[in-house]
>>> print(open('model_4.cif').read())   # mmCIF, C-alpha atoms
data_my_file
#
loop_
_atom_site.label_atom_id
_atom_site.label_comp_id
_atom_site.auth_asym_id
_atom_site.auth_seq_id
_atom_site.Cartn_x
_atom_site.Cartn_y
_atom_site.Cartn_z
CA MET U 1 15.57 -65.67 49.59
CA THR U 2 14.13 -63.41 46.89
CA GLY U 3 14.77 -63.01 43.19
CA ALA U 4 17.34 -60.32 43.92
CA THR U 5 19.18 -62.35 46.53
CA LEU U 6 22.87 -62.51 45.76
CA LEU U 7 24.29 -66.01 45.78
CA LEU U 8 27.94 -65.72 46.72
CA ARG U 9 30.33 -68.12 45.01
CA GLN U 10 33.88 -68.65 46.23
CA ILE U 11 36.38 -68.80 43.37
CA HIS U 12 39.38 -71.08 43.82
CA PRO U 13 42.72 -69.34 43.06
CA ASN U 14 43.56 -71.89 40.38
CA PHE U 15 40.44 -70.80 38.51
CA VAL U 16 41.61 -67.19 38.27
CA GLN U 17 44.11 -65.78 35.78
CA GLU U 18 44.76 -62.06 35.46
CA GLY U 19 41.57 -61.39 37.39
CA PHE U 20 39.48 -63.51 35.00
CA ALA U 21 37.45 -66.30 36.59
CA SER U 22 37.10 -69.55 34.67
CA SER U 23 33.71 -70.93 33.73
CA ALA U 24 34.89 -74.05 35.56
CA ALA U 25 34.31 -72.14 38.78
CA PHE U 26 30.60 -71.88 38.01
CA ARG U 27 29.62 -75.52 37.84
CA PRO U 28 29.48 -78.32 40.40
CA ASN U 29 32.47 -80.59 40.83
CA GLU U 30 32.11 -84.34 40.45
CA SER U 31 31.66 -84.87 44.17
CA ASP U 32 28.98 -82.18 44.48
CA GLN U 33 26.16 -84.37 43.15
CA GLY U 34 24.98 -81.58 40.89
CA LEU U 35 24.61 -79.02 43.67
CA MET U 36 26.89 -75.99 43.48
CA SER U 37 27.58 -74.48 46.89
CA VAL U 38 27.09 -70.78 47.49
CA TYR U 39 26.47 -68.48 50.41
CA ASP U 40 23.08 -66.81 50.81
CA GLY U 41 23.85 -63.13 50.41
CA ASP U 42 20.77 -62.19 52.43
CA LEU U 43 22.36 -63.81 55.46
CA ILE U 44 26.04 -63.02 55.10
CA ALA U 45 28.16 -60.35 53.44
CA ALA U 46 30.73 -61.25 50.80
CA GLU U 47 33.75 -60.51 52.96
CA ALA U 48 32.34 -62.48 55.90
CA ALA U 49 31.55 -65.37 53.54
CA TRP U 50 35.15 -65.36 52.31
CA THR U 51 36.44 -65.34 55.88
CA HIS U 52 34.17 -68.24 56.83
CA TYR U 53 35.17 -70.24 53.76
CA THR U 54 38.89 -69.78 54.22
CA SER U 55 39.09 -69.84 58.02
CA VAL U 56 36.28 -72.13 59.17
CA SER U 57 35.87 -74.40 56.14
CA ASN U 58 39.64 -74.05 55.62
CA LYS U 59 39.40 -73.92 51.83
CA LYS U 60 41.07 -71.63 49.32
CA SER U 61 39.33 -68.68 47.68
CA ALA U 62 40.72 -65.90 45.53
CA GLY U 63 37.54 -63.93 45.98
CA VAL U 64 33.78 -63.90 45.87
CA ALA U 65 31.65 -63.67 42.74
CA ALA U 66 27.88 -63.39 42.77
CA LEU U 67 24.75 -64.34 40.89
CA THR U 68 21.18 -63.52 41.73
CA PHE U 69 18.50 -66.09 42.43
CA ASP U 70 16.62 -64.87 39.35
CA GLU U 71 19.67 -65.14 37.09
CA CYS U 72 20.07 -68.77 38.07
CA ALA U 73 16.37 -69.47 37.70
CA ALA U 74 16.48 -68.02 34.18
CA GLU U 75 18.97 -70.76 33.33
CA SER U 76 16.73 -73.46 34.84
CA LEU U 77 19.08 -73.66 37.79
CA PRO U 78 16.95 -73.20 40.91
CA ALA U 79 18.64 -72.08 44.10
CA ARG U 80 17.59 -72.94 47.61
CA SER U 81 18.77 -72.69 51.16
CA ASP U 82 20.68 -75.73 52.43
CA PRO U 83 21.56 -74.90 56.02
CA ALA U 84 22.80 -78.33 57.06
CA PRO U 85 26.51 -77.52 56.77
CA PHE U 86 26.05 -74.02 58.24
CA PRO U 87 23.14 -71.55 58.34
CA GLU U 88 24.19 -69.38 55.37
CA HIS U 89 24.83 -72.31 53.03
CA ALA U 90 22.75 -72.54 49.85
CA VAL U 91 22.97 -74.49 46.63
CA ILE U 92 22.37 -73.86 42.95
CA ASP U 93 20.78 -77.03 41.63
CA PHE U 94 22.12 -78.36 38.32
CA THR U 95 20.41 -81.73 38.61
CA GLY U 96 17.51 -80.73 36.39
CA VAL U 97 19.88 -80.07 33.50
CA GLU U 98 21.61 -82.81 31.54
CA GLU U 99 25.30 -82.84 32.39
CA LYS U 100 26.27 -82.30 28.76
CA HIS U 101 24.67 -78.84 29.05
CA TRP U 102 26.53 -77.83 32.21
CA ARG U 103 29.32 -76.29 30.13
CA SER U 104 26.91 -73.82 28.54
CA LYS U 105 25.15 -73.12 31.82
CA SER U 106 28.44 -72.43 33.56
CA LYS U 107 29.42 -70.01 30.80
CA LYS U 108 26.14 -68.15 31.19
CA LEU U 109 26.67 -67.88 34.94
CA GLN U 110 30.29 -66.83 34.41
CA ALA U 111 29.20 -64.06 32.05
CA LYS U 112 26.71 -62.70 34.55
CA ALA U 113 29.28 -62.80 37.33
CA LEU U 114 31.90 -61.16 35.11
CA THR U 115 29.51 -58.33 34.37
CA ARG U 116 28.73 -57.86 38.05
CA GLY U 117 32.39 -57.97 39.14
CA TRP U 118 34.02 -59.32 42.24
CA ARG U 119 31.96 -58.81 45.38
CA TYR U 120 35.04 -59.25 47.51
CA GLN U 121 38.70 -59.87 46.90
CA PRO U 122 41.15 -60.10 49.81
CA SER U 123 43.85 -58.34 47.83
CA ALA U 124 41.51 -55.40 47.19
CA ALA U 125 40.59 -54.90 50.82
CA GLY U 126 42.09 -52.21 52.93
CA MET W 127 32.70 -53.14 51.03
CA HIS W 128 35.50 -52.84 48.54
CA VAL W 129 34.45 -54.12 45.11
CA GLU W 130 36.75 -54.46 42.16
CA PRO W 131 35.51 -55.25 38.66
CA PHE W 132 36.72 -58.36 36.95
CA LEU W 133 39.56 -57.50 34.66
CA LYS W 134 38.56 -57.62 31.05
CA PRO W 135 40.91 -59.26 28.56
CA GLY W 136 43.04 -56.70 26.81
CA PRO W 137 44.38 -57.00 23.31
CA THR W 138 47.09 -59.58 22.97
CA ARG W 139 50.43 -58.12 22.16
CA PRO W 140 52.50 -60.01 19.66
CA ARG W 141 55.70 -61.42 21.06
CA PHE W 142 57.86 -59.44 18.64
CA ASP W 143 56.94 -56.08 20.22
CA GLY W 144 59.10 -56.78 23.24
CA GLY W 145 56.22 -56.52 25.70
CA ILE W 146 55.21 -59.18 28.19
CA ASP W 147 51.94 -60.78 27.23
CA PRO W 148 49.97 -61.41 30.45
CA LEU W 149 48.39 -64.38 28.71
CA ASP W 150 51.68 -65.87 27.56
CA VAL W 151 50.99 -69.59 27.24
CA ARG W 152 54.47 -70.81 28.21
CA ALA W 153 54.48 -68.62 31.33
CA ARG W 154 51.06 -69.88 32.34
CA VAL W 155 52.13 -73.47 31.74
CA GLU W 156 55.01 -72.97 34.15
CA VAL W 157 52.46 -71.94 36.79
CA LEU W 158 50.29 -74.97 36.07
CA LYS W 159 53.33 -77.23 36.42
CA LEU W 160 53.46 -76.26 40.09
CA LEU W 161 50.13 -78.00 40.73
CA ARG W 162 50.08 -81.25 42.62
CA ASN W 163 47.32 -83.82 42.97
CA GLY W 164 44.72 -82.47 45.36
CA TRP W 165 45.12 -78.89 44.10
CA LEU W 166 41.37 -78.28 44.40
CA ASP W 167 40.99 -78.33 48.17
CA GLY W 168 42.12 -81.93 48.36
CA LYS W 169 40.63 -83.02 45.04
CA GLY W 170 41.78 -82.47 41.48
CA LEU W 171 44.38 -84.29 39.43
CA ALA W 172 47.44 -82.34 38.35
CA PRO W 173 48.31 -82.40 34.67
CA ALA W 174 51.66 -84.06 33.98
CA SER W 175 54.52 -81.61 33.42
CA ALA W 176 55.56 -83.20 30.14
CA THR W 177 52.08 -82.87 28.70
CA LEU W 178 51.92 -79.23 29.81
CA ASP W 179 55.15 -78.59 27.94
CA TRP W 180 53.51 -80.12 24.88
CA ILE W 181 50.62 -77.63 25.19
CA ALA W 182 53.03 -74.69 25.31
CA THR W 183 54.98 -75.96 22.33
CA ALA W 184 51.82 -76.71 20.37
CA PHE W 185 50.56 -73.15 20.85
CA GLU W 186 53.95 -71.71 19.89
CA GLU W 187 54.07 -73.78 16.72
CA ASN W 188 50.45 -73.60 15.63
CA TYR W 189 48.73 -70.55 17.08
CA PRO W 190 49.25 -67.23 15.29
CA ASP W 191 51.19 -64.59 17.19
CA ASP W 192 48.69 -61.84 16.38
CA LEU W 193 45.72 -63.71 17.77
CA ARG W 194 44.34 -63.20 21.27
CA ARG W 195 45.64 -65.87 23.58
CA PRO W 196 43.39 -67.87 25.88
CA TYR W 197 43.27 -67.99 29.62
CA LEU W 198 44.44 -71.43 30.77
CA PHE W 199 43.04 -73.29 33.75
CA PRO W 200 43.46 -76.76 35.20
CA THR W 201 40.43 -79.03 35.33
CA PRO W 202 39.74 -81.44 38.19
CA ALA W 203 40.24 -84.33 35.76
CA GLY W 204 43.83 -83.31 35.02
CA ARG W 205 43.13 -81.62 31.72
CA VAL W 206 43.59 -77.98 30.72
CA LEU W 207 40.77 -75.60 29.87
CA ALA W 208 41.58 -72.79 27.45
CA GLU W 209 39.04 -69.96 27.49
CA TRP W 210 38.57 -66.87 25.36
CA SER W 211 36.10 -64.18 26.37
CA LEU W 212 35.19 -62.37 23.18
CA SER W 213 31.83 -60.82 23.95
CA PRO W 214 29.25 -61.97 23.04
CA TRP W 215 31.19 -65.19 22.51
CA SER W 216 32.49 -67.47 25.22
CA LEU W 217 34.94 -69.87 23.62
CA SER W 218 36.65 -72.83 25.20
CA LEU W 219 38.90 -75.70 24.33
CA GLU W 220 39.21 -78.48 26.89
CA ILE W 221 42.55 -80.05 26.14
CA ASP W 222 43.39 -83.61 27.06
CA PRO W 223 47.14 -83.40 26.63
CA ALA W 224 47.62 -87.11 27.24
CA ILE W 225 45.89 -87.93 23.95
CA LYS W 226 46.44 -84.57 22.24
CA ARG W 227 42.78 -83.95 21.65
CA GLY W 228 40.56 -80.99 22.42
CA SER W 229 36.87 -80.37 22.85
CA TRP W 230 35.91 -77.04 21.30
CA HIS W 231 32.83 -75.14 22.41
CA ALA W 232 31.58 -71.75 21.30
CA LEU W 233 28.61 -70.13 23.02
CA ASN W 234 26.96 -66.88 22.06
CA ILE W 235 25.96 -65.50 25.44
CA ASP W 236 23.28 -63.27 23.93
CA THR W 237 21.52 -65.80 21.72
CA ASP W 238 22.50 -69.12 23.31
CA GLY W 239 23.69 -70.25 19.89
CA GLU W 240 26.46 -72.78 20.29
CA ALA W 241 28.82 -74.97 18.34
CA GLU W 242 31.14 -77.76 19.32
CA LYS W 243 33.78 -79.85 17.63
CA GLU W 244 36.34 -82.44 18.63
CA LEU W 245 39.84 -81.47 17.52
CA ASP W 246 42.92 -83.57 16.87
CA LEU W 247 45.61 -81.32 18.32
CA ALA W 248 48.34 -83.39 16.71
CA ASP W 249 46.98 -82.18 13.36
CA ALA W 250 48.07 -78.76 12.09
CA ASP W 251 44.86 -78.50 10.07
CA ASP W 252 42.78 -78.63 13.24
CA TRP W 253 44.94 -75.90 14.77
CA ALA W 254 44.34 -73.80 11.65
CA TRP W 255 40.61 -74.38 12.06
CA LEU W 256 40.85 -73.29 15.71
CA ALA W 257 42.74 -70.12 14.77
CA ASP W 258 40.15 -69.32 12.11
CA GLN W 259 37.38 -69.64 14.67
CA VAL W 260 39.07 -67.37 17.19
CA ARG W 261 39.95 -64.85 14.51
CA SER W 262 36.47 -64.70 13.04
CA LEU W 263 34.76 -64.49 16.41
CA SER W 264 37.28 -61.90 17.63
CA GLY W 265 36.19 -59.81 14.71
CA ALA W 266 32.60 -60.18 15.78
CA SER W 267 33.46 -58.75 19.17
CA GLU W 268 35.16 -55.61 17.91
#
>>> encode(input="model_4.cif", output="structure tokens")
Amino acid sequence: MTGATLLLRQIHPNFVQEGFASSAAFRPNESDQGLMSVYDGDLIAAEAAWTHYTSVSNKKSAGVAALTFDECAAESLPARSDPAPFPEHAVIDFTGVEEKHWRSKSKKLQAKALTRGWRYQPSAAG
Amino acid sequence: MHVEPFLKPGPTRPRFDGGIDPLDVRARVEVLKLLRNGWLDGKGLAPASATLDWIATAFEENYPDDLRRPYLFPTPAGRVLAEWSLSPWSLSLEIDPAIKRGSWHALNIDTDGEAEKELDLADADDWAWLADQVRSLSGASE
């Protein structure tokens, strides 16, 4: 994983309206213990990550957004490989940031992802 | 790989022009009413339909027609998150419809400047304050 590594985030369909992804999609959920799951873009392409997430993990995704390792680090959100669930799994670690600041951090990540654009959307394939 | 940009929010059309506003609050509320508990891959509480109707009515009665409408999303806790992307501002109002209160947050993405305020959404004055914020920060983005 390098500073330019893309960290691929699956965006739940209920967090997308008119192609706009909610900031809520860029923060851990309560059960995540402060660790936001992503795919390591050095190890898997966005489309393959979406296929794995929806077919193997059997979860819903409207598409794949991305942040770089450096972008997360700039927000004091270090990323690291976490291959226990599967080899390409990684996490963005929010535990070093007080939870009251997660809202701002998620908005910063959202803005970076919005600027970058979807890395994969099933409806755009073909 | 086929990559599509995120859609950027377009200008909100007032309802009197006959067009369909893609961010129409009532229409979005109808979509949110279809959610059931577990909507987030087995987790996530669904907001109650009656409280969602209250959100739609509250926007219709208190939010100016000419102002850009927010995106509306469910939260895992059963609330509703309204978001406005008005670069460089990221604005949000987390609405707890059960108690008719909202948590306002404005973040300047460029400077990290932020502001927050708790709103009583049963109070027309707080809706006026909200509209003033969106209007003034919309101006900053244009």
>>> resolve_selection(input="model_4.cif", expression="the PyMOL selection byres ((chain W) within 10 of (chain U))", output="PDB file with C-alpha atoms, in the frame of the given file")
ATOM      1  CA  MET W 127      32.700 -53.140  51.030  1.00  0.00           C
ATOM      2  CA  HIS W 128      35.500 -52.840  48.540  1.00  0.00           C
ATOM      3  CA  VAL W 129      34.450 -54.120  45.110  1.00  0.00           C
ATOM      4  CA  GLU W 130      36.750 -54.460  42.160  1.00  0.00           C
ATOM      5  CA  PRO W 131      35.510 -55.250  38.660  1.00  0.00           C
ATOM      6  CA  PHE W 132      36.720 -58.360  36.950  1.00  0.00           C
ATOM      7  CA  LEU W 133      39.560 -57.500  34.660  1.00  0.00           C
ATOM      8  CA  LYS W 134      38.560 -57.620  31.050  1.00  0.00           C
ATOM      9  CA  PRO W 135      40.910 -59.260  28.560  1.00  0.00           C
ATOM     10  CA  PRO W 148      49.970 -61.410  30.450  1.00  0.00           C
ATOM     11  CA  LEU W 149      48.390 -64.380  28.710  1.00  0.00           C
ATOM     12  CA  ARG W 154      51.060 -69.880  32.340  1.00  0.00           C
ATOM     13  CA  VAL W 157      52.460 -71.940  36.790  1.00  0.00           C
ATOM     14  CA  LEU W 158      50.290 -74.970  36.070  1.00  0.00           C
ATOM     15  CA  LEU W 161      50.130 -78.000  40.730  1.00  0.00           C
ATOM     16  CA  TRP W 165      45.120 -78.890  44.100  1.00  0.00           C
ATOM     17  CA  LEU W 166      41.370 -78.280  44.400  1.00  0.00           C
ATOM     18  CA  ASP W 167      40.990 -78.330  48.170  1.00  0.00           C
ATOM     19  CA  GLY W 168      42.120 -81.930  48.360  1.00  0.00           C
ATOM     20  CA  LYS W 169      40.630 -83.020  45.040  1.00  0.00           C
ATOM     21  CA  GLY W 170      41.780 -82.470  41.480  1.00  0.00           C
ATOM     22  CA  TYR W 197      43.270 -67.990  29.620  1.00  0.00           C
ATOM     23  CA  LEU W 198      44.440 -71.430  30.770  1.00  0.00           C
ATOM     24  CA  PHE W 199      43.040 -73.290  33.750  1.00  0.00           C
ATOM     25  CA  PRO W 200      43.460 -76.760  35.200  1.00  0.00           C
ATOM     26  CA  THR W 201      40.430 -79.030  35.330  1.00  0.00           C
ATOM     27  CA  PRO W 202      39.740 -81.440  38.190  1.00  0.00           C
ATOM     28  CA  ALA W 203      40.240 -84.330  35.760  1.00  0.00           C
ATOM     29  CA  LEU W 207      40.770 -75.600  29.870  1.00  0.00           C
ATOM     30  CA  ALA W 208      41.580 -72.790  27.450  1.00  0.00           C
ATOM     31  CA  GLU W 209      39.040 -69.960  27.490  1.00  0.00           C
ATOM     32  CA  TRP W 210      38.570 -66.870  25.360  1.00  0.00           C
ATOM     33  CA  SER W 211      36.100 -64.180  26.370  1.00  0.00           C
ATOM     34  CA  SER W 213      31.830 -60.820  23.950  1.00  0.00           C
ATOM     35  CA  PRO W 214      29.250 -61.970  23.040  1.00  0.00           C
ATOM     36  CA  TRP W 215      31.190 -65.190  22.510  1.00  0.00           C
ATOM     37  CA  SER W 216      32.490 -67.470  25.220  1.00  0.00           C
ATOM     38  CA  LEU W 217      34.940 -69.870  23.620  1.00  0.00           C
ATOM     39  CA  SER W 218      36.650 -72.830  25.200  1.00  0.00           C
ATOM     40  CA  HIS W 231      32.830 -75.140  22.410  1.00  0.00           C
ATOM     41  CA  ALA W 232      31.580 -71.750  21.300  1.00  0.00           C
ATOM     42  CA  LEU W 233      28.610 -70.130  23.020  1.00  0.00           C
ATOM     43  CA  ASN W 234      26.960 -66.880  22.060  1.00  0.00           C
ATOM     44  CA  ILE W 235      25.960 -65.500  25.440  1.00  0.00           C
ATOM     45  CA  ASP W 236      23.280 -63.270  23.930  1.00  0.00           C
ATOM     46  CA  ASP W 238      22.500 -69.120  23.310  1.00  0.00           C
ATOM     47  CA  GLY W 239      23.690 -70.250  19.890  1.00  0.00           C
ATOM     48  CA  GLU W 240      26.460 -72.780  20.290  1.00  0.00           C
TER      49      GLU W 240
END
>>> closest_residue(input="model_4.cif", among="W:Val151, W:Ala250, W:Ala174, W:Leu212", to="Asp191 of chain W", atoms="only C-alpha atoms")
W:Val151
>>> axis_aligned_box(input="model_4.cif", around="segment 35-50 of chain U", padding_each_side="5 Å", output="JSON")
{"center_x": 28.0, "center_y": -69.7, "center_z": 49.7, "size_x": 24.4, "size_y": 28.7, "size_z": 22.4}
>>> resolve_selection(input="model_4.cif", expression="the PyMOL selection byres ((chain U and resi 68) around 12)", output="VMD selection string")
chain U and resid 1 to 9 38 to 42 65 to 67 69 to 75 77 to 80 92 109 112 to 113 116
>>> residues_around(input="model_4.cif", residues="segment 33-35 of chain U", least_positions_apart="6", cutoff="9 Å", atoms="only C-alpha atoms", output="JSON, numbers by chain")
{"U": [27, 91, 92, 93, 94, 95, 96, 99]}
>>> residues_around(input="model_4.cif", residues="Ala176 of chain W", least_positions_apart="4", cutoff="10 Å", atoms="all atoms listed in the file", output="count of residues only")
5
>>> closest_residue(input="model_4.cif", among="U:Ala49, U:Pro87, U:His101, U:Ser81", to="Met36 of chain U", atoms="all atoms listed in the file")
U:Ser81
>>> residues_near_point(input="model_4.cif", point="(41.0, -77.0, 17.2)", cutoff="9 Å", atoms="only C-alpha atoms", output="MDAnalysis selection string")
chainID W and resid 219 227:230 243:247 249:257 259
>>> atom_distance(input="model_4.cif", atom1="atom CA of Asp192 of chain W", atom2="atom CA of Gly265 of chain W")
12.8 Å
>>> atom_distance(input="model_4.cif", atom1="atom CA of Ala241 of chain W", atom2="atom CA of Thr183 of chain W")
26.5 Å
>>> atom_distance(input="model_4.cif", atom1="atom CA of Leu160 of chain W", atom2="atom CA of Ala182 of chain W")
14.9 Å
>>> closest_residue(input="model_4.cif", among="W:Arg194, W:Glu156, W:Ala248, W:Ala184", to="Arg261 of chain W", atoms="only C-alpha atoms")
W:Arg194
>>> closest_residue(input="model_4.cif", among="U:Lys100, U:Thr51, U:Ala90, U:Ile11", to="Glu242 of chain W", atoms="all atoms listed in the file")
U:Lys100
>>> closest_residue(input="model_4.cif", among="W:Leu193, W:Val206, W:Leu171, W:Ile221", to="Ser264 of chain W", atoms="only C-alpha atoms")
W:Leu193
